[in-house]
file entry_27.txt (compact mmCIF, C-alpha atoms and all ligand atoms)
# COMPACT_ATOMS: atom_id res chain seq x y z
CA MET W 518 -26.69 3.30 -45.14
CA LYS W 519 -24.23 5.53 -46.96
CA GLN W 520 -21.16 4.03 -48.61
CA ILE W 521 -18.11 6.27 -48.50
CA GLY W 522 -14.81 5.61 -50.27
CA ILE W 523 -11.42 6.48 -48.87
CA THR W 524 -8.62 6.79 -51.37
CA GLY W 525 -5.22 8.35 -51.98
CA GLY W 526 -1.94 7.40 -53.59
CA ILE W 527 0.51 4.85 -52.25
CA GLY W 528 1.85 5.92 -48.82
CA SER W 529 -0.63 8.78 -48.39
CA GLY W 530 -1.97 7.29 -45.15
CA LYS W 531 -5.34 5.81 -46.20
CA SER W 532 -4.96 2.80 -43.93
CA LEU W 533 -3.97 4.98 -40.99
CA VAL W 534 -6.96 7.31 -41.51
CA ALA W 535 -9.27 4.32 -42.04
CA ARG W 536 -8.09 2.87 -38.71
CA ILE W 537 -9.14 6.07 -36.92
CA PHE W 538 -12.65 5.85 -38.44
CA ASN W 539 -12.71 2.20 -37.41
CA CYS W 540 -11.90 3.22 -33.81
CA LEU W 541 -15.04 5.39 -33.96
CA GLY W 542 -17.07 2.25 -34.77
CA ILE W 543 -17.20 2.60 -38.55
CA PRO W 544 -16.76 -0.67 -40.47
CA VAL W 545 -13.95 -0.48 -43.03
CA TYR W 546 -13.63 -2.67 -46.12
CA ASP W 547 -9.91 -2.89 -46.94
CA ALA W 548 -9.75 -3.61 -50.69
CA ASP W 549 -5.97 -4.29 -50.69
CA ASN W 550 -6.29 -6.91 -47.97
CA ARG W 551 -9.35 -8.52 -49.50
CA ALA W 552 -7.55 -8.63 -52.89
CA LYS W 553 -4.72 -10.44 -51.10
CA TRP W 554 -7.15 -12.93 -49.56
CA ILE W 555 -8.95 -13.55 -52.85
CA THR W 556 -5.74 -14.14 -54.83
CA ASN W 557 -4.69 -16.76 -52.27
CA HIS W 558 -8.04 -18.50 -51.71
CA ASP W 559 -10.38 -18.25 -54.73
CA PRO W 560 -9.57 -21.22 -57.01
CA ALA W 561 -11.01 -19.59 -60.16
CA ILE W 562 -8.97 -16.41 -59.58
CA ILE W 563 -5.82 -18.45 -58.80
CA GLU W 564 -6.20 -20.28 -62.12
CA LYS W 565 -6.64 -17.03 -64.04
CA VAL W 566 -3.63 -15.40 -62.35
CA LYS W 567 -1.50 -18.47 -63.12
CA SER W 568 -2.53 -18.46 -66.76
CA LEU W 569 -1.65 -14.75 -67.01
CA LEU W 570 1.62 -14.71 -65.05
CA GLY W 571 2.74 -18.36 -65.07
CA GLU W 572 2.84 -21.11 -62.43
CA PHE W 573 5.74 -19.38 -60.66
CA ALA W 574 3.44 -16.54 -59.64
CA TYR W 575 2.56 -18.85 -56.71
CA ARG W 576 4.95 -20.33 -54.22
CA ASP W 577 3.78 -22.79 -51.54
CA GLY W 578 0.19 -21.99 -52.47
CA GLN W 579 0.55 -18.23 -51.88
CA LEU W 580 0.92 -15.47 -54.45
CA ASP W 581 4.62 -14.57 -54.57
CA ARG W 582 4.02 -10.85 -54.10
CA ASN W 583 7.63 -9.72 -54.52
CA ARG W 584 8.02 -11.65 -57.74
CA VAL W 585 4.67 -10.45 -59.10
CA SER W 586 5.41 -6.81 -58.12
CA SER W 587 8.67 -6.90 -60.10
CA GLN W 588 6.80 -8.53 -62.97
CA VAL W 589 3.78 -6.22 -63.31
CA PHE W 590 4.42 -2.68 -62.04
CA GLY W 591 6.80 -1.89 -64.92
CA LYS W 592 4.47 -3.41 -67.52
CA PRO W 593 1.19 -1.47 -67.84
CA GLU W 594 -0.50 -4.03 -70.10
CA LEU W 595 0.24 -6.95 -67.80
CA LEU W 596 -0.91 -4.95 -64.77
CA GLU W 597 -4.15 -4.03 -66.56
CA ASN W 598 -4.78 -7.71 -67.26
CA LEU W 599 -4.11 -8.56 -63.62
CA ASN W 600 -6.43 -5.75 -62.53
CA SER W 601 -9.17 -7.05 -64.82
CA ILE W 602 -8.98 -10.43 -63.05
CA ILE W 603 -8.85 -9.08 -59.48
CA HIS W 604 -11.00 -5.91 -59.48
CA PRO W 605 -14.33 -7.56 -60.46
CA ALA W 606 -13.75 -10.23 -57.78
CA VAL W 607 -13.08 -7.53 -55.15
CA GLY W 608 -16.22 -5.68 -56.35
CA GLU W 609 -18.37 -8.79 -55.77
CA ASP W 610 -16.74 -9.45 -52.40
CA TYR W 611 -17.45 -5.85 -51.32
CA LYS W 612 -21.13 -6.13 -52.33
CA LYS W 613 -21.53 -9.17 -50.03
CA TRP W 614 -19.68 -7.42 -47.19
CA VAL W 615 -21.76 -4.27 -47.35
CA LEU W 616 -25.01 -6.23 -46.97
CA GLN W 617 -23.80 -7.42 -43.57
CA GLN W 618 -23.24 -3.92 -42.16
CA ASN W 619 -25.79 -1.82 -40.30
CA THR W 620 -24.10 1.45 -39.27
CA SER W 621 -25.10 4.90 -40.53
CA TYR W 622 -22.26 4.71 -43.03
CA VAL W 623 -19.42 2.38 -44.03
CA LEU W 624 -16.01 3.00 -45.57
CA LYS W 625 -14.38 1.30 -48.55
CA GLU W 626 -10.64 1.87 -48.51
CA ALA W 627 -8.85 1.43 -51.84
CA ALA W 628 -5.96 3.02 -53.72
CA LEU W 629 -7.75 2.55 -57.04
CA LEU W 630 -11.36 3.61 -56.45
CA PHE W 631 -11.43 5.75 -59.60
CA GLU W 632 -9.22 3.57 -61.79
CA SER W 633 -11.31 0.46 -61.00
CA GLY W 634 -14.66 2.23 -61.56
CA SER W 635 -15.89 1.21 -58.09
CA PHE W 636 -16.40 4.89 -57.13
CA ARG W 637 -19.70 4.70 -59.06
CA GLN W 638 -21.39 2.66 -56.32
CA LEU W 639 -20.30 5.05 -53.58
CA ASP W 640 -22.10 8.05 -52.11
CA GLY W 641 -18.98 10.11 -51.43
CA ILE W 642 -15.20 9.89 -51.57
CA ILE W 643 -12.61 11.01 -49.02
CA HIS W 644 -9.17 11.82 -50.42
CA VAL W 645 -6.11 11.44 -48.19
CA SER W 646 -3.48 13.92 -49.38
CA ALA W 647 0.22 14.03 -48.63
CA PRO W 648 3.18 15.50 -50.51
CA MET W 649 4.85 13.12 -52.95
CA ASP W 650 8.27 13.10 -51.25
CA LEU W 651 6.66 12.23 -47.90
CA ARG W 652 4.60 9.44 -49.52
CA ILE W 653 7.76 7.92 -51.01
CA LYS W 654 9.63 8.24 -47.70
CA ARG W 655 6.79 6.58 -45.75
CA THR W 656 6.49 3.76 -48.26
CA LEU W 657 10.25 3.13 -48.26
CA GLU W 658 10.13 2.89 -44.46
CA ARG W 659 7.06 0.63 -44.45
CA ASP W 660 7.88 -1.72 -47.37
CA LYS W 661 11.48 -2.82 -46.82
CA GLN W 662 11.25 -5.16 -49.84
CA ARG W 663 10.49 -2.27 -52.24
CA GLY W 664 13.03 0.16 -53.66
CA ARG W 665 12.42 3.75 -54.74
CA GLU W 666 12.35 2.65 -58.38
CA GLN W 667 9.41 0.28 -57.78
CA ILE W 668 7.54 2.88 -55.73
CA GLU W 669 7.92 5.35 -58.59
CA ALA W 670 6.69 2.69 -61.04
CA ILE W 671 3.60 2.13 -58.83
CA ILE W 672 2.95 5.88 -58.64
CA ALA W 673 3.16 6.03 -62.44
CA ARG W 674 0.36 3.42 -62.60
CA GLN W 675 -1.94 5.44 -60.30
CA MET W 676 -4.03 8.51 -61.09
CA ASN W 677 -2.17 11.68 -60.12
CA ASP W 678 -3.09 13.42 -56.86
CA ASP W 679 -4.62 16.55 -58.44
CA GLU W 680 -6.98 14.54 -60.62
CA ARG W 681 -7.95 12.17 -57.79
CA LEU W 682 -8.56 15.05 -55.41
CA ALA W 683 -10.67 16.92 -57.99
CA LYS W 684 -12.92 13.86 -58.32
CA SER W 685 -13.29 13.45 -54.52
CA ASP W 686 -15.80 15.06 -52.17
CA PHE W 687 -13.77 15.48 -48.98
CA GLU W 688 -10.10 15.83 -48.17
CA ILE W 689 -8.00 14.75 -45.21
CA ILE W 690 -4.55 16.31 -45.19
CA ASN W 691 -1.88 13.97 -43.84
CA ASP W 692 1.21 16.06 -44.48
CA GLY W 693 2.95 15.40 -41.17
CA HIS W 694 2.00 18.88 -39.83
CA THR W 695 -1.79 19.14 -39.94
CA LEU W 696 -3.47 17.19 -37.11
CA VAL W 697 -5.33 14.21 -38.54
CA ILE W 698 -7.66 13.15 -35.70
CA PRO W 699 -9.60 16.48 -35.57
CA GLN W 700 -10.15 16.26 -39.34
CA VAL W 701 -11.50 12.71 -38.99
CA LEU W 702 -13.77 13.69 -36.07
CA LYS W 703 -15.25 16.59 -38.06
CA LEU W 704 -15.90 14.42 -41.10
CA HIS W 705 -17.31 11.60 -38.95
CA ALA W 706 -19.79 14.00 -37.33
CA MET W 707 -20.92 15.16 -40.77
CA LEU W 708 -21.11 11.69 -42.35
CA SER W 709 -23.08 10.32 -39.38
CA GLN W 710 -25.78 12.92 -40.06
CA LEU W 711 -26.19 12.11 -43.77
C1 LIG D 801 0.98 -6.67 -57.60
C2 LIG D 801 0.71 -7.17 -56.17
C3 LIG D 801 0.75 -8.68 -56.10
C4 LIG D 801 1.83 -6.61 -55.26
O1 LIG D 801 1.62 -6.99 -53.93
P1 LIG D 801 2.37 -6.22 -52.75
O2 LIG D 801 2.07 -6.99 -51.47
O3 LIG D 801 3.80 -6.00 -53.12
O4 LIG D 801 1.72 -4.79 -52.68
P2 LIG D 801 0.27 -4.37 -52.08
O5 LIG D 801 -0.79 -5.25 -52.65
O6 LIG D 801 0.37 -4.26 -50.61
O7 LIG D 801 0.10 -2.95 -52.75
C5 LIG D 801 0.87 -1.85 -52.26
C6 LIG D 801 0.33 -0.60 -52.84
O8 LIG D 801 0.59 -0.58 -54.24
C7 LIG D 801 -0.47 0.05 -54.91
N1 LIG D 801 -1.08 -0.89 -55.89
C8 LIG D 801 -1.45 -2.19 -55.71
N2 LIG D 801 -1.98 -2.69 -56.84
C9 LIG D 801 -1.95 -1.69 -57.74
C10 LIG D 801 -2.37 -1.57 -59.09
N3 LIG D 801 -2.94 -2.59 -59.70
N4 LIG D 801 -2.20 -0.37 -59.71
C11 LIG D 801 -1.64 0.68 -59.08
N5 LIG D 801 -1.23 0.64 -57.80
C12 LIG D 801 -1.38 -0.53 -57.14
C13 LIG D 801 -1.47 0.48 -53.83
O9 LIG D 801 -1.20 1.79 -53.41
C14 LIG D 801 -1.19 -0.49 -52.74
O10 LIG D 801 -1.64 -0.08 -51.50
C15 LIG D 801 -0.66 -6.66 -55.66
O11 LIG D 801 -0.60 -5.29 -55.40
C16 LIG D 801 -1.79 -6.92 -56.63
O12 LIG D 801 -2.22 -8.05 -56.77
N6 LIG D 801 -2.26 -5.85 -57.30
C17 LIG D 801 -3.28 -5.96 -58.31
C18 LIG D 801 -4.64 -5.93 -57.70
C19 LIG D 801 -5.00 -4.58 -57.13
O13 LIG D 801 -5.25 -3.64 -57.87
N7 LIG D 801 -5.01 -4.49 -55.80
C20 LIG D 801 -5.33 -3.24 -55.18
C21 LIG D 801 -6.68 -3.14 -54.58
S1 LIG D 801 -8.02 -3.86 -55.37
N1 LIG D 802 0.74 11.19 -40.08
C1 LIG D 802 1.60 10.17 -40.05
N2 LIG D 802 2.64 10.20 -39.18
C2 LIG D 802 3.54 9.18 -39.16
N3 LIG D 802 3.48 8.10 -39.95
C3 LIG D 802 2.48 8.02 -40.82
C4 LIG D 802 1.49 9.05 -40.92
N4 LIG D 802 0.61 8.69 -41.89
C5 LIG D 802 1.02 7.50 -42.37
N5 LIG D 802 2.13 7.10 -41.73
C6 LIG D 802 2.89 5.85 -41.98
O1 LIG D 802 3.22 5.85 -43.36
C7 LIG D 802 3.07 4.54 -43.92
C8 LIG D 802 2.04 4.62 -45.07
O2 LIG D 802 0.75 4.83 -44.49
P1 LIG D 802 -0.47 3.87 -44.90
O3 LIG D 802 -0.04 2.44 -44.90
O4 LIG D 802 -1.65 4.26 -44.08
O5 LIG D 802 -0.64 4.38 -46.41
P2 LIG D 802 -1.66 3.91 -47.53
O6 LIG D 802 -2.18 5.15 -48.18
O7 LIG D 802 -2.65 2.97 -46.96
O8 LIG D 802 -0.66 3.18 -48.54
P3 LIG D 802 -0.92 2.01 -49.62
O9 LIG D 802 -1.59 2.61 -50.80
O10 LIG D 802 0.42 1.52 -49.93
O11 LIG D 802 -1.76 0.97 -48.93
C9 LIG D 802 2.64 3.62 -42.80
O12 LIG D 802 3.76 2.97 -42.27
C10 LIG D 802 2.03 4.59 -41.76
O13 LIG D 802 2.12 4.10 -40.45
call {"tool": "encode", "arguments": {"input": "entry_27.txt", "output": "structure tokens", "more": "lines below"}}
Ligand SMILES: CC(C)(COP(=O)(O)OP(=O)(O)OC[C@H]1O[C@@H](n2cnc3c(N)ncnc32)[C@H](O)[C@@H]1O)[C@@H](O)C(=O)NCCC(=O)NCCS
Ligand SMILES: Nc1ncnc2c1ncn2[C@@H]1O[C@H](COP(=O)(O)OP(=O)(O)OP(=O)(O)O)[C@@H](O)[C@H]1O
result
Amino acid sequence: MKQIGITGGIGSGKSLVARIFNCLGIPVYDADNRAKWITNHDPAIIEKVKSLLGEFAYRDGQLDRNRVSSQVFGKPELLENLNSIIHPAVGEDYKKWVLQQNTSYVLKEAALLFESGSFRQLDGIIHVSAPMDLRIKRTLERDKQRGREQIEAIIARQMNDDERLAKSDFEIINDGHTLVIPQVLKLHAMLSQL
């Protein structure tokens, strides 16, 4: 079974593209969502996050995401420390998940496939590309709690599009003009044959 990554910057449309593959019967591991689950449920991770960010990082037993976003996205060192707690846990969780799948290929969706090093375990990477202004506009519309300043701080913490695309094997253009479903169908036909 081939393991394919799907990546792209914030607001590029990874989740949307991943949902289309999922409709075709392809299992998708959503690293963002699993990271959310782990930070709320794994006691060892919760302890580590609290010792890094303080007790107030959690409210009513849940990670206070707005508070933590304001705390970490403007502070590269703090974010790196948070990443080094969460990324290995997501890596282990993914390994268990993949053993339970039995399709011709699976998808791992993550914004930070290259930054986290997890691309090394994958057989190919799909890059979802969209112009920067459109990515910011989509994210502003989706995440009402986030301002433009925070979105720009997040973008500054991610690999730039050119570099990410150069490291990827396939591209899906999600620029608001190019039709997305035909691109997914073409790639799905090819990946199913691998
Ligand atoms: C800082 C946190 C609490 C903010 O939560 P919030 O609900 O506001 O945002 P969410 O998790 O939905 O992320 C929104 C988008 O921001 C970007 N992003 C998230 N974490 C990071 C990061 N560490 N570095 C760069 N970009 C990131 C991604 O494009 C992501 O899709 C959360 O993002 C987090 O715990 N991040 C660190 C762990 C991580 O890297 N998760 C990503 C997948 S493993
Ligand atoms: N082609 C499109 N047409 C209209 N809306 C779109 C399109 N692509 C994405 N969107 C919308 O833009 C927003 C961002 O898309 P999505 O959540 O898939 O991005 P993402 O790459 O997964 O972002 P993140 O890294 O933050 O998780 C969503 O609200 C989504 O519905």
call {"tool": "atom_distance", "arguments": {"input": "entry_27.txt", "atom1": "atom CA of W:Gly530", "atom2": "atom CA of W:Ile671"}}
result
15.6 Å
call {"tool": "residues_around", "arguments": {"input": "entry_27.txt", "residues": "W:Ala606", "least_positions_apart": "6", "cutoff": "12 Å", "atoms": "all atoms listed in the file", "output": "PyMOL selection string"}}
result
chain W and resi 548+551-556+558-563+565+599-600+612-613+633+635
call {"tool": "closest_residue", "arguments": {"input": "entry_27.txt", "among": "W:Leu702, W:Ile527, W:Val623, W:Ile672", "to": "ligand LIG 801 (chain D)", "atoms": "only C-alpha atoms and all ligand atoms"}}
result
W:Ile527
call {"tool": "closest_atom_pairs", "arguments": {"input": "entry_27.txt", "of": "chain W", "to": "ligand LIG 801 (chain D)", "cutoff": "8 Å", "atoms": "only C-alpha atoms and all ligand atoms", "output": "Markdown table"}}
result
| residue | atom | partner | partner_atom | distance |
| --- | --- | --- | --- | --- |
| W:Gly525 | CA | D:LIG801 | O9 | 7.8 |
| W:Gly526 | CA | D:LIG801 | O9 | 5.7 |
| W:Ile527 | CA | D:LIG801 | O9 | 3.7 |
| W:Gly528 | CA | D:LIG801 | O9 | 6.9 |
| W:Ala548 | CA | D:LIG801 | C21 | 5.0 |
| W:Asp549 | CA | D:LIG801 | C21 | 4.1 |
| W:Asn550 | CA | D:LIG801 | O5 | 7.4 |
| W:Arg551 | CA | D:LIG801 | S1 | 7.6 |
| W:Ala552 | CA | D:LIG801 | S1 | 5.4 |
| W:Lys553 | CA | D:LIG801 | O12 | 6.6 |
| W:Thr556 | CA | D:LIG801 | O12 | 7.3 |
| W:Leu580 | CA | D:LIG801 | C3 | 7.0 |
| W:Asp581 | CA | D:LIG801 | C3 | 7.2 |
| W:Arg582 | CA | D:LIG801 | C3 | 4.4 |
| W:Asn583 | CA | D:LIG801 | O3 | 5.5 |
| W:Val585 | CA | D:LIG801 | C3 | 5.2 |
| W:Ser586 | CA | D:LIG801 | C1 | 4.5 |
| W:Val589 | CA | D:LIG801 | C1 | 6.4 |
| W:Phe590 | CA | D:LIG801 | C1 | 6.9 |
| W:Leu596 | CA | D:LIG801 | N3 | 5.9 |
| W:Glu597 | CA | D:LIG801 | N3 | 7.1 |
| W:Leu599 | CA | D:LIG801 | C17 | 6.0 |
| W:Asn600 | CA | D:LIG801 | C18 | 5.2 |
| W:Ile603 | CA | D:LIG801 | C18 | 5.6 |
| W:His604 | CA | D:LIG801 | S1 | 5.5 |
| W:Val607 | CA | D:LIG801 | S1 | 6.3 |
| W:Ala627 | CA | D:LIG801 | C21 | 5.8 |
| W:Ala628 | CA | D:LIG801 | O9 | 4.9 |
| W:Leu629 | CA | D:LIG801 | C21 | 6.3 |
| W:Ser633 | CA | D:LIG801 | S1 | 7.8 |
| W:Arg663 | CA | D:LIG801 | O3 | 7.7 |
| W:Ile668 | CA | D:LIG801 | O8 | 7.9 |
| W:Ile671 | CA | D:LIG801 | N5 | 5.2 |
| W:Ile672 | CA | D:LIG801 | N5 | 6.8 |
| W:Ala673 | CA | D:LIG801 | C11 | 7.9 |
| W:Arg674 | CA | D:LIG801 | C11 | 4.9 |
| W:Gln675 | CA | D:LIG801 | C11 | 4.9 |
call {"tool": "axis_aligned_box", "arguments": {"input": "entry_27.txt", "around": "ligand LIG 802 (chain D)", "padding_each_side": "5 Å", "output": "AutoDock Vina command-line options"}}
result
--center_x 0.6 --center_y 6.1 --center_z -45.0 --size_x 16.4 --size_y 20.2 --size_z 21.6
call {"tool": "atom_distance", "arguments": {"input": "entry_27.txt", "atom1": "atom O1 of ligand LIG 802 (chain D)", "atom2": "atom CA of W:Lys661"}}
result
12.5 Å
call {"tool": "closest_residue", "arguments": {"input": "entry_27.txt", "among": "W:Gly634, W:Pro593, W:Gly693, W:Pro648", "to": "ligand LIG 802 (chain D)", "atoms": "only C-alpha atoms and all ligand atoms"}}
result
W:Gly693
call {"tool": "closest_residue", "arguments": {"input": "entry_27.txt", "among": "W:Val701, W:Leu624, W:Ile653, W:Val545", "to": "W:Asp640", "atoms": "all atoms listed in the file"}}
result
W:Leu624
call {"tool": "atom_distance", "arguments": {"input": "entry_27.txt", "atom1": "atom CA of W:Glu666", "atom2": "atom CA of W:Ser587"}}
result
10.4 Å
call {"tool": "residues_near_ligand", "arguments": {"input": "entry_27.txt", "ligand": "ligand LIG 802 (chain D)", "cutoff": "9 Å", "atoms": "all atoms listed in the file", "output": "compact mmCIF listing (two decimals) with C-alpha atoms, in the frame of the given file"}}
result
# COMPACT_ATOMS: atom_id res chain seq x y z
CA THR W 524 -8.62 6.79 -51.37
CA GLY W 525 -5.22 8.35 -51.98
CA GLY W 526 -1.94 7.40 -53.59
CA ILE W 527 0.51 4.85 -52.25
CA GLY W 528 1.85 5.92 -48.82
CA SER W 529 -0.63 8.78 -48.39
CA GLY W 530 -1.97 7.29 -45.15
CA LYS W 531 -5.34 5.81 -46.20
CA SER W 532 -4.96 2.80 -43.93
CA LEU W 533 -3.97 4.98 -40.99
CA VAL W 534 -6.96 7.31 -41.51
CA ALA W 535 -9.27 4.32 -42.04
CA ARG W 536 -8.09 2.87 -38.71
CA ASP W 549 -5.97 -4.29 -50.69
CA GLU W 626 -10.64 1.87 -48.51
CA ALA W 627 -8.85 1.43 -51.84
CA ALA W 628 -5.96 3.02 -53.72
CA LEU W 629 -7.75 2.55 -57.04
CA VAL W 645 -6.11 11.44 -48.19
CA SER W 646 -3.48 13.92 -49.38
CA ALA W 647 0.22 14.03 -48.63
CA LEU W 651 6.66 12.23 -47.90
CA ARG W 652 4.60 9.44 -49.52
CA ILE W 653 7.76 7.92 -51.01
CA LYS W 654 9.63 8.24 -47.70
CA ARG W 655 6.79 6.58 -45.75
CA THR W 656 6.49 3.76 -48.26
CA LEU W 657 10.25 3.13 -48.26
CA GLU W 658 10.13 2.89 -44.46
CA ARG W 659 7.06 0.63 -44.45
CA ASP W 660 7.88 -1.72 -47.37
CA ILE W 690 -4.55 16.31 -45.19
CA ASN W 691 -1.88 13.97 -43.84
CA ASP W 692 1.21 16.06 -44.48
CA GLY W 693 2.95 15.40 -41.17
CA HIS W 694 2.00 18.88 -39.83
CA THR W 695 -1.79 19.14 -39.94
CA LEU W 696 -3.47 17.19 -37.11
CA VAL W 697 -5.33 14.21 -38.54
call {"tool": "closest_residue", "arguments": {"input": "entry_27.txt", "among": "W:Pro544, W:Leu704, W:Leu595, W:Ala683", "to": "W:Thr620", "atoms": "only C-alpha atoms"}}
result
W:Pro544
call {"tool": "residues_around", "arguments": {"input": "entry_27.txt", "residues": "W:Arg584", "least_positions_apart": "5", "cutoff": "10 Å", "atoms": "only C-alpha atoms", "output": "number ranges by chain"}}
result
W: 573-576, 589
call {"tool": "residues_around", "arguments": {"input": "entry_27.txt", "residues": "W:Gln638", "least_positions_apart": "6", "cutoff": "10 Å", "atoms": "all atoms listed in the file", "output": "list of chain:residue names"}}
result
W:Gln520, W:Ile521, W:Gly522, W:Gly608, W:Lys612
call {"tool": "write_last_selection", "arguments": {"input": "entry_27.txt", "atoms": "C-alpha atoms", "output": "PDB file, in the coordinates of the input"}}
result
ATOM      1  CA  GLN W 520     -21.160   4.030 -48.610  1.00  0.00           C
ATOM      2  CA  ILE W 521     -18.110   6.270 -48.500  1.00  0.00           C
ATOM      3  CA  GLY W 522     -14.810   5.610 -50.270  1.00  0.00           C
ATOM      4  CA  GLY W 608     -16.220  -5.680 -56.350  1.00  0.00           C
ATOM      5  CA  LYS W 612     -21.130  -6.130 -52.330  1.00  0.00           C
TER       6      LYS W 612
END
call {"tool": "closest_residue", "arguments": {"input": "entry_27.txt", "among": "W:Met676, W:Lys519, W:Arg665, W:Glu564", "to": "W:Ile543", "atoms": "only C-alpha atoms"}}
result
W:Lys519
